[in-house]
$ cat entry.cif   # mmCIF, C-alpha atoms; chains and numbers go by the auth columns
data_run
#
loop_
_atom_site.group_PDB
_atom_site.id
_atom_site.type_symbol
_atom_site.label_atom_id
_atom_site.label_comp_id
_atom_site.label_asym_id
_atom_site.label_seq_id
_atom_site.Cartn_x
_atom_site.Cartn_y
_atom_site.Cartn_z
_atom_site.B_iso_or_equiv
_atom_site.auth_seq_id
_atom_site.auth_asym_id
ATOM 1 C CA MET A 1 0.000 0.000 0.000 0.00 1 A
ATOM 2 C CA LYS A 2 2.694 2.461 1.017 0.00 2 A
ATOM 3 C CA ILE A 3 4.768 1.554 -2.025 0.00 3 A
ATOM 4 C CA LYS A 4 1.796 2.240 -4.318 0.00 4 A
ATOM 5 C CA VAL A 5 1.174 5.693 -2.816 0.00 5 A
ATOM 6 C CA LEU A 6 4.875 6.491 -2.965 0.00 6 A
ATOM 7 C CA SER A 7 5.121 5.456 -6.608 0.00 7 A
ATOM 8 C CA ILE A 8 2.088 7.599 -7.547 0.00 8 A
ATOM 9 C CA LEU A 9 3.638 10.554 -5.725 0.00 9 A
ATOM 10 C CA LEU A 10 6.962 9.948 -7.488 0.00 10 A
ATOM 11 C CA ILE A 11 5.246 9.874 -10.895 0.00 11 A
ATOM 12 C CA LEU A 12 3.450 13.129 -10.091 0.00 12 A
ATOM 13 C CA ALA A 13 6.636 14.755 -8.845 0.00 13 A
ATOM 14 C CA SER A 14 8.702 13.662 -11.836 0.00 14 A
ATOM 15 C CA ASN A 15 6.143 15.022 -14.278 0.00 15 A
ATOM 16 C CA THR A 16 4.899 18.176 -12.553 0.00 16 A
ATOM 17 C CA GLU A 17 4.626 20.339 -15.668 0.00 17 A
ATOM 18 C CA GLY A 18 2.366 17.817 -17.357 0.00 18 A
ATOM 19 C CA PHE A 19 0.337 17.426 -14.185 0.00 19 A
ATOM 20 C CA PHE A 20 -0.254 21.160 -13.812 0.00 20 A
ATOM 21 C CA HIS A 21 -1.025 21.469 -17.506 0.00 21 A
ATOM 22 C CA TRP A 22 -3.628 18.746 -17.147 0.00 22 A
ATOM 23 C CA LEU A 23 -5.001 20.361 -13.965 0.00 23 A
ATOM 24 C CA LYS A 24 -5.272 23.809 -15.529 0.00 24 A
ATOM 25 C CA HIS A 25 -7.340 22.461 -18.414 0.00 25 A
ATOM 26 C CA HIS A 26 -9.642 20.381 -16.240 0.00 26 A
ATOM 27 C CA LEU A 27 -11.003 22.953 -13.790 0.00 27 A
ATOM 28 C CA ILE A 28 -14.729 22.787 -13.034 0.00 28 A
ATOM 29 C CA THR A 29 -16.691 25.566 -14.735 0.00 29 A
ATOM 30 C CA CYS A 30 -18.669 27.750 -12.354 0.00 30 A
ATOM 31 C CA PRO A 31 -22.387 27.289 -13.146 0.00 31 A
ATOM 32 C CA PHE A 32 -23.181 30.903 -12.279 0.00 32 A
ATOM 33 C CA LYS A 33 -20.382 32.194 -14.500 0.00 33 A
ATOM 34 C CA SER A 34 -21.389 30.011 -17.442 0.00 34 A
ATOM 35 C CA LEU A 35 -25.021 31.140 -17.172 0.00 35 A
ATOM 36 C CA THR A 36 -24.598 34.844 -16.539 0.00 36 A
ATOM 37 C CA SER A 37 -20.932 35.616 -17.407 0.00 37 A
ATOM 38 C CA ILE A 38 -20.604 37.407 -14.049 0.00 38 A
ATOM 39 C CA ASP A 39 -18.094 36.201 -11.462 0.00 39 A
ATOM 40 C CA CYS A 40 -19.546 34.640 -8.330 0.00 40 A
ATOM 41 C CA PRO A 41 -17.962 35.183 -4.873 0.00 41 A
ATOM 42 C CA GLY A 42 -16.118 31.877 -5.220 0.00 42 A
ATOM 43 C CA CYS A 43 -14.678 32.422 -8.676 0.00 43 A
ATOM 44 C CA GLY A 44 -10.900 32.198 -8.835 0.00 44 A
ATOM 45 C CA ILE A 45 -10.423 29.719 -6.005 0.00 45 A
ATOM 46 C CA GLN A 46 -9.455 26.824 -8.291 0.00 46 A
ATOM 47 C CA ARG A 47 -6.907 28.879 -10.233 0.00 47 A
ATOM 48 C CA SER A 48 -5.658 30.157 -6.896 0.00 48 A
ATOM 49 C CA VAL A 49 -5.218 26.632 -5.528 0.00 49 A
ATOM 50 C CA VAL A 50 -3.305 25.606 -8.665 0.00 50 A
ATOM 51 C CA ALA A 51 -1.045 28.650 -8.277 0.00 51 A
ATOM 52 C CA LEU A 52 -0.519 27.704 -4.640 0.00 52 A
ATOM 53 C CA LEU A 53 0.420 24.142 -5.632 0.00 53 A
ATOM 54 C CA GLN A 54 2.985 25.598 -7.989 0.00 54 A
ATOM 55 C CA GLY A 55 4.376 27.654 -5.121 0.00 55 A
ATOM 56 C CA ASP A 56 3.302 31.063 -6.400 0.00 56 A
ATOM 57 C CA PHE A 57 1.933 32.646 -3.223 0.00 57 A
ATOM 58 C CA LEU A 58 1.559 36.205 -4.534 0.00 58 A
ATOM 59 C CA TYR A 59 -0.310 35.164 -7.678 0.00 59 A
ATOM 60 C CA SER A 60 -2.556 32.939 -5.548 0.00 60 A
ATOM 61 C CA LEU A 61 -3.341 35.875 -3.245 0.00 61 A
ATOM 62 C CA LYS A 62 -4.055 38.057 -6.250 0.00 62 A
ATOM 63 C CA LEU A 63 -6.470 35.541 -7.780 0.00 63 A
ATOM 64 C CA TYR A 64 -8.368 34.760 -4.585 0.00 64 A
ATOM 65 C CA PRO A 65 -7.103 36.154 -1.268 0.00 65 A
ATOM 66 C CA ALA A 66 -9.157 33.792 0.924 0.00 66 A
ATOM 67 C CA THR A 67 -7.511 30.550 -0.253 0.00 67 A
ATOM 68 C CA ILE A 68 -4.758 30.408 2.359 0.00 68 A
ATOM 69 C CA PRO A 69 -7.090 31.236 5.309 0.00 69 A
ATOM 70 C CA ILE A 70 -9.578 28.614 4.053 0.00 70 A
ATOM 71 C CA ILE A 71 -6.866 25.943 3.930 0.00 71 A
ATOM 72 C CA ALA A 72 -5.712 27.025 7.389 0.00 72 A
ATOM 73 C CA LEU A 73 -9.317 26.800 8.637 0.00 73 A
ATOM 74 C CA PHE A 74 -9.713 23.263 7.288 0.00 74 A
ATOM 75 C CA GLY A 75 -6.364 22.139 8.665 0.00 75 A
ATOM 76 C CA PHE A 76 -7.071 23.606 12.086 0.00 76 A
ATOM 77 C CA THR A 77 -10.554 22.082 12.173 0.00 77 A
ATOM 78 C CA ILE A 78 -9.150 18.616 11.441 0.00 78 A
ATOM 79 C CA ILE A 79 -6.441 19.055 14.100 0.00 79 A
ATOM 80 C CA HIS A 80 -9.010 20.313 16.608 0.00 80 A
ATOM 81 C CA LEU A 81 -11.436 17.446 15.990 0.00 81 A
ATOM 82 C CA LYS A 82 -8.616 14.915 16.281 0.00 82 A
ATOM 83 C CA PHE A 83 -6.673 16.246 19.271 0.00 83 A
ATOM 84 C CA ASP A 84 -9.227 18.554 20.968 0.00 84 A
ATOM 85 C CA VAL A 85 -7.188 21.749 21.212 0.00 85 A
ATOM 86 C CA LYS A 86 -7.920 24.066 24.159 0.00 86 A
ATOM 87 C CA ASN A 87 -10.086 27.036 23.005 0.00 87 A
ATOM 88 C CA GLY A 88 -10.110 25.460 19.536 0.00 88 A
ATOM 89 C CA ALA A 89 -13.790 26.212 18.923 0.00 89 A
ATOM 90 C CA PHE A 90 -13.170 29.912 19.593 0.00 90 A
ATOM 91 C CA PHE A 91 -10.269 30.020 17.106 0.00 91 A
ATOM 92 C CA ILE A 92 -12.394 28.244 14.488 0.00 92 A
ATOM 93 C CA LYS A 93 -15.148 30.833 14.990 0.00 93 A
ATOM 94 C CA MET A 94 -12.703 33.738 14.628 0.00 94 A
ATOM 95 C CA LEU A 95 -11.015 32.182 11.562 0.00 95 A
ATOM 96 C CA TYR A 96 -14.421 31.622 9.982 0.00 96 A
ATOM 97 C CA ILE A 97 -15.447 35.244 10.546 0.00 97 A
ATOM 98 C CA ALA A 98 -12.111 36.384 9.077 0.00 98 A
ATOM 99 C CA VAL A 99 -12.643 34.163 6.007 0.00 99 A
ATOM 100 C CA THR A 100 -16.162 35.506 5.408 0.00 100 A
ATOM 101 C CA PHE A 101 -14.908 39.063 5.857 0.00 101 A
ATOM 102 C CA ILE A 102 -12.137 38.469 3.287 0.00 102 A
ATOM 103 C CA ILE A 103 -14.543 36.861 0.776 0.00 103 A
ATOM 104 C CA VAL A 104 -17.165 39.618 1.105 0.00 104 A
ATOM 105 C CA SER A 105 -14.662 42.479 0.956 0.00 105 A
ATOM 106 C CA ASN A 106 -12.945 40.851 -2.041 0.00 106 A
ATOM 107 C CA TYR A 107 -16.288 40.611 -3.864 0.00 107 A
ATOM 108 C CA ILE A 108 -17.192 44.227 -3.066 0.00 108 A
ATOM 109 C CA TYR A 109 -13.721 45.311 -4.264 0.00 109 A
ATOM 110 C CA LYS A 110 -14.310 43.364 -7.494 0.00 110 A
ATOM 111 C CA ILE A 111 -17.679 45.085 -8.000 0.00 111 A
ATOM 112 C CA ILE A 112 -16.210 48.545 -7.401 0.00 112 A
ATOM 113 C CA THR A 113 -13.252 48.032 -9.742 0.00 113 A
ATOM 114 C CA ASN A 114 -15.349 46.431 -12.524 0.00 114 A
ATOM 115 C CA GLN A 115 -13.463 43.105 -12.560 0.00 115 A
ATOM 116 C CA LEU A 116 -16.618 41.022 -12.503 0.00 116 A
ATOM 117 C CA ILE A 117 -16.919 40.277 -16.203 0.00 117 A
ATOM 118 C CA MET B 1 -28.423 6.488 22.040 0.00 1 B
ATOM 119 C CA SER B 2 -27.297 7.571 25.490 0.00 2 B
ATOM 120 C CA GLU B 3 -30.337 6.054 27.147 0.00 3 B
ATOM 121 C CA GLU B 4 -29.593 2.705 25.492 0.00 4 B
ATOM 122 C CA GLN B 5 -25.914 2.659 26.370 0.00 5 B
ATOM 123 C CA PHE B 6 -25.977 3.630 30.010 0.00 6 B
ATOM 124 C CA PRO B 7 -27.954 0.705 31.455 0.00 7 B
ATOM 125 C CA GLN B 8 -25.474 -1.707 29.855 0.00 8 B
ATOM 126 C CA GLU B 9 -22.449 0.088 31.278 0.00 9 B
ATOM 127 C CA ASN B 10 -23.725 0.523 34.822 0.00 10 B
ATOM 128 C CA PRO B 11 -26.555 -1.877 35.624 0.00 11 B
ATOM 129 C CA LYS B 12 -27.042 -0.287 39.072 0.00 12 B
ATOM 130 C CA GLU B 13 -28.685 2.720 37.390 0.00 13 B
ATOM 131 C CA ASN B 14 -31.151 0.522 35.571 0.00 14 B
ATOM 132 C CA ASN B 15 -34.282 1.293 37.579 0.00 15 B
ATOM 133 C CA PRO B 16 -37.568 2.628 36.191 0.00 16 B
ATOM 134 C CA PHE B 17 -37.273 5.960 38.054 0.00 17 B
ATOM 135 C CA GLN B 18 -33.933 6.722 36.403 0.00 18 B
ATOM 136 C CA GLN B 19 -35.291 6.088 32.939 0.00 19 B
ATOM 137 C CA GLN B 20 -38.323 8.322 33.377 0.00 20 B
ATOM 138 C CA ASN B 21 -36.313 11.201 34.782 0.00 21 B
ATOM 139 C CA PRO B 22 -33.949 12.691 32.182 0.00 22 B
ATOM 140 C CA PHE B 23 -32.190 14.980 34.705 0.00 23 B
ATOM 141 C CA PRO B 24 -28.855 13.758 36.075 0.00 24 B
ATOM 142 C CA PRO B 25 -28.439 12.909 39.747 0.00 25 B
ATOM 143 C CA GLN B 26 -26.910 15.582 41.966 0.00 26 B
ATOM 144 C CA ASN B 27 -23.286 14.559 42.106 0.00 27 B
ATOM 145 C CA GLY B 28 -21.361 17.683 41.233 0.00 28 B
ATOM 146 C CA GLY B 29 -22.661 18.005 37.684 0.00 29 B
ATOM 147 C CA MET B 30 -20.702 14.996 36.541 0.00 30 B
ATOM 148 C CA GLY B 31 -23.771 13.121 35.336 0.00 31 B
ATOM 149 C CA PHE B 32 -23.998 9.371 35.392 0.00 32 B
ATOM 150 C CA ASN B 33 -21.070 8.431 37.626 0.00 33 B
ATOM 151 C CA GLY B 34 -18.710 10.744 35.679 0.00 34 B
ATOM 152 C CA MET B 35 -19.435 9.078 32.365 0.00 35 B
ATOM 153 C CA GLN B 36 -19.352 11.902 29.827 0.00 36 B
ATOM 154 C CA GLN B 37 -19.713 11.503 26.103 0.00 37 B
ATOM 155 C CA PRO B 38 -19.574 14.031 23.258 0.00 38 B
ATOM 156 C CA LEU B 39 -22.814 15.339 21.777 0.00 39 B
ATOM 157 C CA PRO B 40 -23.861 13.131 18.836 0.00 40 B
ATOM 158 C CA ASN B 41 -23.988 15.831 16.135 0.00 41 B
ATOM 159 C CA ALA B 42 -21.376 18.374 17.302 0.00 42 B
ATOM 160 C CA THR B 43 -18.723 17.429 14.728 0.00 43 B
ATOM 161 C CA ILE B 44 -21.219 17.235 11.862 0.00 44 B
ATOM 162 C CA VAL B 45 -22.657 20.650 12.724 0.00 45 B
ATOM 163 C CA LEU B 46 -19.178 22.189 12.811 0.00 46 B
ATOM 164 C CA ILE B 47 -18.195 20.725 9.437 0.00 47 B
ATOM 165 C CA LEU B 48 -21.518 21.606 7.762 0.00 48 B
ATOM 166 C CA GLY B 49 -21.324 25.142 9.124 0.00 49 B
ATOM 167 C CA ILE B 50 -17.838 25.598 7.687 0.00 50 B
ATOM 168 C CA LEU B 51 -18.809 24.069 4.337 0.00 51 B
ATOM 169 C CA SER B 52 -21.877 26.306 4.044 0.00 52 B
ATOM 170 C CA ILE B 53 -19.805 29.378 3.193 0.00 53 B
ATOM 171 C CA LEU B 54 -17.461 27.579 0.789 0.00 54 B
ATOM 172 C CA THR B 55 -20.249 26.329 -1.457 0.00 55 B
ATOM 173 C CA CYS B 56 -21.804 29.766 -1.778 0.00 56 B
ATOM 174 C CA CYS B 57 -20.782 29.975 -5.433 0.00 57 B
ATOM 175 C CA CYS B 58 -23.532 27.648 -6.695 0.00 58 B
ATOM 176 C CA TYR B 59 -26.324 30.270 -6.687 0.00 59 B
ATOM 177 C CA GLY B 60 -26.298 30.186 -2.885 0.00 60 B
ATOM 178 C CA VAL B 61 -28.564 27.131 -2.873 0.00 61 B
ATOM 179 C CA ILE B 62 -26.222 24.360 -1.703 0.00 62 B
ATOM 180 C CA GLY B 63 -24.817 26.511 1.081 0.00 63 B
ATOM 181 C CA LEU B 64 -28.350 27.425 2.129 0.00 64 B
ATOM 182 C CA VAL B 65 -29.303 23.747 2.448 0.00 65 B
ATOM 183 C CA LEU B 66 -26.126 22.901 4.392 0.00 66 B
ATOM 184 C CA ALA B 67 -26.615 25.840 6.772 0.00 67 B
ATOM 185 C CA ILE B 68 -30.254 24.950 7.448 0.00 68 B
ATOM 186 C CA VAL B 69 -29.366 21.293 8.094 0.00 69 B
ATOM 187 C CA ALA B 70 -26.618 22.389 10.471 0.00 70 B
ATOM 188 C CA LEU B 71 -28.995 24.723 12.314 0.00 71 B
ATOM 189 C CA VAL B 72 -31.670 22.033 12.722 0.00 72 B
ATOM 190 C CA LEU B 73 -29.127 19.482 13.992 0.00 73 B
ATOM 191 C CA SER B 74 -27.633 22.034 16.384 0.00 74 B
ATOM 192 C CA LYS B 75 -31.094 22.893 17.733 0.00 75 B
ATOM 193 C CA LYS B 76 -31.702 19.199 18.504 0.00 76 B
ATOM 194 C CA ASP B 77 -28.345 18.851 20.233 0.00 77 B
ATOM 195 C CA ARG B 78 -28.804 22.017 22.263 0.00 78 B
ATOM 196 C CA ALA B 79 -32.094 20.635 23.530 0.00 79 B
ATOM 197 C CA LEU B 80 -30.304 17.381 24.447 0.00 80 B
ATOM 198 C CA TYR B 81 -27.584 19.301 26.287 0.00 81 B
ATOM 199 C CA ALA B 82 -30.099 21.481 28.142 0.00 82 B
ATOM 200 C CA LEU B 83 -31.966 18.365 29.302 0.00 83 B
ATOM 201 C CA ASN B 84 -28.893 16.492 30.456 0.00 84 B
ATOM 202 C CA MET B 85 -25.968 18.837 31.036 0.00 85 B
ATOM 203 C CA GLY B 86 -23.785 16.518 33.041 0.00 86 B
ATOM 204 C CA SER B 87 -23.576 13.633 30.626 0.00 87 B
ATOM 205 C CA TYR B 88 -22.067 15.478 27.679 0.00 88 B
ATOM 206 C CA THR B 89 -18.563 16.896 27.421 0.00 89 B
ATOM 207 C CA ASP B 90 -18.011 20.642 27.595 0.00 90 B
ATOM 208 C CA GLY B 91 -15.729 20.668 24.542 0.00 91 B
ATOM 209 C CA SER B 92 -18.336 19.167 22.256 0.00 92 B
ATOM 210 C CA PHE B 93 -20.838 21.811 23.370 0.00 93 B
ATOM 211 C CA LYS B 94 -18.296 24.516 22.477 0.00 94 B
ATOM 212 C CA ASN B 95 -17.800 22.842 19.088 0.00 95 B
ATOM 213 C CA LEU B 96 -21.561 22.790 18.609 0.00 96 B
ATOM 214 C CA ASN B 97 -21.857 26.493 19.381 0.00 97 B
ATOM 215 C CA ALA B 98 -18.986 27.346 17.020 0.00 98 B
ATOM 216 C CA GLY B 99 -20.664 25.315 14.281 0.00 99 B
ATOM 217 C CA ARG B 100 -23.944 27.077 15.004 0.00 100 B
ATOM 218 C CA VAL B 101 -22.354 30.532 14.666 0.00 101 B
ATOM 219 C CA CYS B 102 -20.695 29.442 11.398 0.00 102 B
ATOM 220 C CA ALA B 103 -24.019 28.125 10.091 0.00 103 B
ATOM 221 C CA ILE B 104 -25.848 31.356 10.990 0.00 104 B
ATOM 222 C CA ILE B 105 -23.217 33.486 9.201 0.00 105 B
ATOM 223 C CA GLY B 106 -23.322 31.140 6.200 0.00 106 B
ATOM 224 C CA LEU B 107 -27.128 31.251 6.134 0.00 107 B
ATOM 225 C CA ILE B 108 -27.220 35.067 6.146 0.00 108 B
ATOM 226 C CA LEU B 109 -24.554 35.362 3.416 0.00 109 B
ATOM 227 C CA ASN B 110 -26.224 32.723 1.243 0.00 110 B
ATOM 228 C CA ILE B 111 -29.609 34.449 1.526 0.00 111 B
ATOM 229 C CA ILE B 112 -28.025 37.815 0.625 0.00 112 B
ATOM 230 C CA TYR B 113 -26.294 36.248 -2.364 0.00 113 B
ATOM 231 C CA LEU B 114 -29.471 34.487 -3.540 0.00 114 B
ATOM 232 C CA VAL B 115 -31.448 37.750 -3.330 0.00 115 B
ATOM 233 C CA LEU B 116 -28.681 39.577 -5.220 0.00 116 B
ATOM 234 C CA CYS B 117 -28.797 36.925 -7.962 0.00 117 B
ATOM 235 C CA ILE B 118 -32.558 37.287 -8.303 0.00 118 B
ATOM 236 C CA ILE B 119 -32.286 41.087 -8.396 0.00 119 B
ATOM 237 C CA ALA B 120 -29.572 40.907 -11.067 0.00 120 B
ATOM 238 C CA ILE B 121 -31.668 38.578 -13.221 0.00 121 B
ATOM 239 C CA MET B 122 -34.711 40.833 -12.781 0.00 122 B
ATOM 240 C CA MET B 123 -32.742 43.986 -13.656 0.00 123 B
ATOM 241 C CA PHE B 124 -30.858 42.798 -16.724 0.00 124 B
ATOM 242 C CA GLY B 125 -32.716 39.690 -17.852 0.00 125 B
ATOM 243 C CA LEU B 126 -31.100 36.346 -18.608 0.00 126 B
ATOM 244 C CA THR B 127 -30.402 37.164 -22.263 0.00 127 B
ATOM 245 C CA ALA B 128 -28.376 40.258 -21.389 0.00 128 B
ATOM 246 C CA LEU B 129 -26.599 38.397 -18.587 0.00 129 B
ATOM 247 C CA SER B 130 -25.476 35.534 -20.818 0.00 130 B
ATOM 248 C CA ASP B 131 -24.099 37.954 -23.421 0.00 131 B
ATOM 249 C CA GLN B 132 -20.948 39.702 -22.223 0.00 132 B
ATOM 250 C CA ASP B 133 -21.050 42.722 -24.514 0.00 133 B
ATOM 251 C CA ALA B 134 -24.721 43.484 -23.843 0.00 134 B
ATOM 252 C CA LEU B 135 -24.055 43.246 -20.104 0.00 135 B
ATOM 253 C CA ARG B 136 -21.068 45.596 -20.360 0.00 136 B
ATOM 254 C CA GLU B 137 -23.224 48.117 -22.211 0.00 137 B
ATOM 255 C CA ALA B 138 -25.978 47.831 -19.640 0.00 138 B
ATOM 256 C CA LEU B 139 -23.474 48.382 -16.819 0.00 139 B
ATOM 257 C CA GLU B 140 -21.993 51.426 -18.543 0.00 140 B
ATOM 258 C CA ASN B 141 -25.459 52.890 -19.099 0.00 141 B
ATOM 259 C CA MET B 142 -26.069 52.614 -15.363 0.00 142 B
ATOM 260 C CA LYS B 143 -23.229 54.963 -14.422 0.00 143 B
#

$ encode --input "entry.cif" --output "structure tokens"
Amino acid sequence: MKIKVLSILLILASNTEGFFHWLKHHLITCPFKSLTSIDCPGCGIQRSVVALLQGDFLYSLKLYPATIPIIALFGFTIIHLKFDVKNGAFFIKMLYIAVTFIIVSNYIYKIITNQLI
Amino acid sequence: MSEEQFPQENPKENNPFQQQNPFPPQNGGMGFNGMQQPLPNATIVLILGILSILTCCCYGVIGLVLAIVALVLSKKDRALYALNMGSYTDGSFKNLNAGRVCAIIGLILNIIYLVLCIIAIMMFGLTALSDQDALREALENMK
């Protein structure tokens, strides 16, 4: 089992350019965007995750600033549910509010600067 | 679930009076001989509450459903906890409350987004919205 996982990881690592090329051309189309040609509040997160996988933090932040906090939120939630961190629920609440604030302010910024289309 | 498990674990408690009375005995708030278990839906509520904001992109419908499910589950669990405070762990109640706050925020944002979508469709019409150039013209006429 371990050898299988390791070999898959090795194949992915040895052929990263092809992997990212494949990933970039197989992103899920946003249903809202395809219907109305307006960005939704979640548009850009997949491109941002791909940029993050490639190690391009600044470009990822530019595409969708909430990606890194969302990943942190998920990671912390898993750690909290597994090991029961002290005051973990409070941190999750605060992180969640921060994430919503970032998403909403990013969408309002997009509306103001006419980047929606 | 708790009512089924406890008589097996401590058969001394298995008398008819104990089963009719849902309140714990007075032994320092520790419940049934210190046996505490997490609330049954605390983890699910937390995860659904967090997911409700992330799926807001699909017209706000999926997130709405997730948030409502999380709120209903959390209401049930809060009633359970209020009935029987001693027998559930404090941490799971905190998790439940965090999940509830997340679900409420997600619900509000999803409703706002849904209303905005409907307003946009009413203002411009679906034909203008699906055509980029027509939409750009309509937006420039608004200024």

$ closest_atom_pairs --input "entry.cif" --of "chain A" --to "chain B" --cutoff "6 Å" --atoms "only C-alpha atoms" --output "CSV"
residue,atom,partner,partner_atom,distance
A:Leu35,CA,B:Ser130,CA,5.7
A:Thr36,CA,B:Ser130,CA,4.4
A:Ser37,CA,B:Ser130,CA,5.7
A:Cys40,CA,B:Cys57,CA,5.6
A:Pro41,CA,B:Cys57,CA,5.9
A:Gly42,CA,B:Cys57,CA,5.0
A:Ala89,CA,B:Asn95,CA,5.2
A:Lys93,CA,B:Ala98,CA,5.6

$ resolve_selection --input "entry.cif" --expression "the PyMOL selection byres ((chain B and resi 107) around 8)" --output "ChimeraX atom specification"
/B:52,63-64,67-68,103-106,108-111

$ write_last_selection --input "entry.cif" --atoms "C-alpha atoms" --output "short mmCIF file (atom, residue, chain, number, x, y, z; two decimals), in the coordinates of the input"
data_model
loop_
_atom_site.label_atom_id
_atom_site.label_comp_id
_atom_site.auth_asym_id
_atom_site.auth_seq_id
_atom_site.Cartn_x
_atom_site.Cartn_y
_atom_site.Cartn_z
CA SER B 52 -21.88 26.31 4.04
CA GLY B 63 -24.82 26.51 1.08
CA LEU B 64 -28.35 27.42 2.13
CA ALA B 67 -26.62 25.84 6.77
CA ILE B 68 -30.25 24.95 7.45
CA ALA B 103 -24.02 28.12 10.09
CA ILE B 104 -25.85 31.36 10.99
CA ILE B 105 -23.22 33.49 9.20
CA GLY B 106 -23.32 31.14 6.20
CA ILE B 108 -27.22 35.07 6.15
CA LEU B 109 -24.55 35.36 3.42
CA ASN B 110 -26.22 32.72 1.24
CA ILE B 111 -29.61 34.45 1.53
#

$ atom_distance --input "entry.cif" --atom1 "CA of Lys82 (chain A)" --atom2 "CA of Ser48 (chain A)"
27.9 Å

$ residues_around --input "entry.cif" --residues "Lys76 (chain B)" --least-positions-apart "4" --cutoff "12 Å" --atoms "only C-alpha atoms" --output "ChimeraX atom specification"
/B:39-42,45,69-72,80-83,96,100

$ resolve_selection --input "entry.cif" --expression "the PyMOL selection byres ((chain A and resi 55-72) around 9)" --output "ChimeraX atom specification"
/A:42-54,73-77,95-96,98-100,102-103,106 /B:54

$ write_last_selection --input "entry.cif" --atoms "C-alpha atoms" --output "PDB file, in the coordinates of the input"
ATOM      1  CA  GLY A  42     -16.118  31.877  -5.220  1.00  0.00           C
ATOM      2  CA  CYS A  43     -14.678  32.422  -8.676  1.00  0.00           C
ATOM      3  CA  GLY A  44     -10.900  32.198  -8.835  1.00  0.00           C
ATOM      4  CA  ILE A  45     -10.423  29.719  -6.005  1.00  0.00           C
ATOM      5  CA  GLN A  46      -9.455  26.824  -8.291  1.00  0.00           C
ATOM      6  CA  ARG A  47      -6.907  28.879 -10.233  1.00  0.00           C
ATOM      7  CA  SER A  48      -5.658  30.157  -6.896  1.00  0.00           C
ATOM      8  CA  VAL A  49      -5.218  26.632  -5.528  1.00  0.00           C
ATOM      9  CA  VAL A  50      -3.305  25.606  -8.665  1.00  0.00           C
ATOM     10  CA  ALA A  51      -1.045  28.650  -8.277  1.00  0.00           C
ATOM     11  CA  LEU A  52      -0.519  27.704  -4.640  1.00  0.00           C
ATOM     12  CA  LEU A  53       0.420  24.142  -5.632  1.00  0.00           C
ATOM     13  CA  GLN A  54       2.985  25.598  -7.989  1.00  0.00           C
ATOM     14  CA  LEU A  73      -9.317  26.800   8.637  1.00  0.00           C
ATOM     15  CA  PHE A  74      -9.713  23.263   7.288  1.00  0.00           C
ATOM     16  CA  GLY A  75      -6.364  22.139   8.665  1.00  0.00           C
ATOM     17  CA  PHE A  76      -7.071  23.606  12.086  1.00  0.00           C
ATOM     18  CA  THR A  77     -10.554  22.082  12.173  1.00  0.00           C
ATOM     19  CA  LEU A  95     -11.015  32.182  11.562  1.00  0.00           C
ATOM     20  CA  TYR A  96     -14.421  31.622   9.982  1.00  0.00           C
ATOM     21  CA  ALA A  98     -12.111  36.384   9.077  1.00  0.00           C
ATOM     22  CA  VAL A  99     -12.643  34.163   6.007  1.00  0.00           C
ATOM     23  CA  THR A 100     -16.162  35.506   5.408  1.00  0.00           C
ATOM     24  CA  ILE A 102     -12.137  38.469   3.287  1.00  0.00           C
ATOM     25  CA  ILE A 103     -14.543  36.861   0.776  1.00  0.00           C
ATOM     26  CA  ASN A 106     -12.945  40.851  -2.041  1.00  0.00           C
TER      27      ASN A 106
ATOM     28  CA  LEU B  54     -17.461  27.579   0.789  1.00  0.00           C
TER      29      LEU B  54
END

$ atom_distance --input "entry.cif" --atom1 "CA of Leu12 (chain A)" --atom2 "CA of Leu27 (chain A)"
17.9 Å

$ atom_distance --input "entry.cif" --atom1 "CA of Ala138 (chain B)" --atom2 "CA of Ser34 (chain A)"
18.5 Å

$ axis_aligned_box --input "entry.cif" --around "region 89-103 of chain A" --padding-each-side "4 Å" --output "lines of an AutoDock Vina configuration file"
center_x = -13.2
center_y = 32.6
center_z = 10.2
size_x = 13.9
size_y = 20.9
size_z = 26.8

$ residues_around --input "entry.cif" --residues "Ile111 (chain A)" --least-positions-apart "3" --cutoff "12 Å" --atoms "all atoms listed in the file" --output "CSV table (one decimal) with C-alpha atoms, in the frame of the given file"
chain,number,residue,atom,x,y,z
A,38,ILE,CA,-20.6,37.4,-14.0
A,39,ASP,CA,-18.1,36.2,-11.5
A,40,CYS,CA,-19.5,34.6,-8.3
A,41,PRO,CA,-18.0,35.2,-4.9
A,104,VAL,CA,-17.2,39.6,1.1
A,105,SER,CA,-14.7,42.5,1.0
A,106,ASN,CA,-12.9,40.9,-2.0
A,107,TYR,CA,-16.3,40.6,-3.9
A,108,ILE,CA,-17.2,44.2,-3.1
A,114,ASN,CA,-15.3,46.4,-12.5
A,115,GLN,CA,-13.5,43.1,-12.6
A,116,LEU,CA,-16.6,41.0,-12.5
A,117,ILE,CA,-16.9,40.3,-16.2
B,139,LEU,CA,-23.5,48.4,-16.8
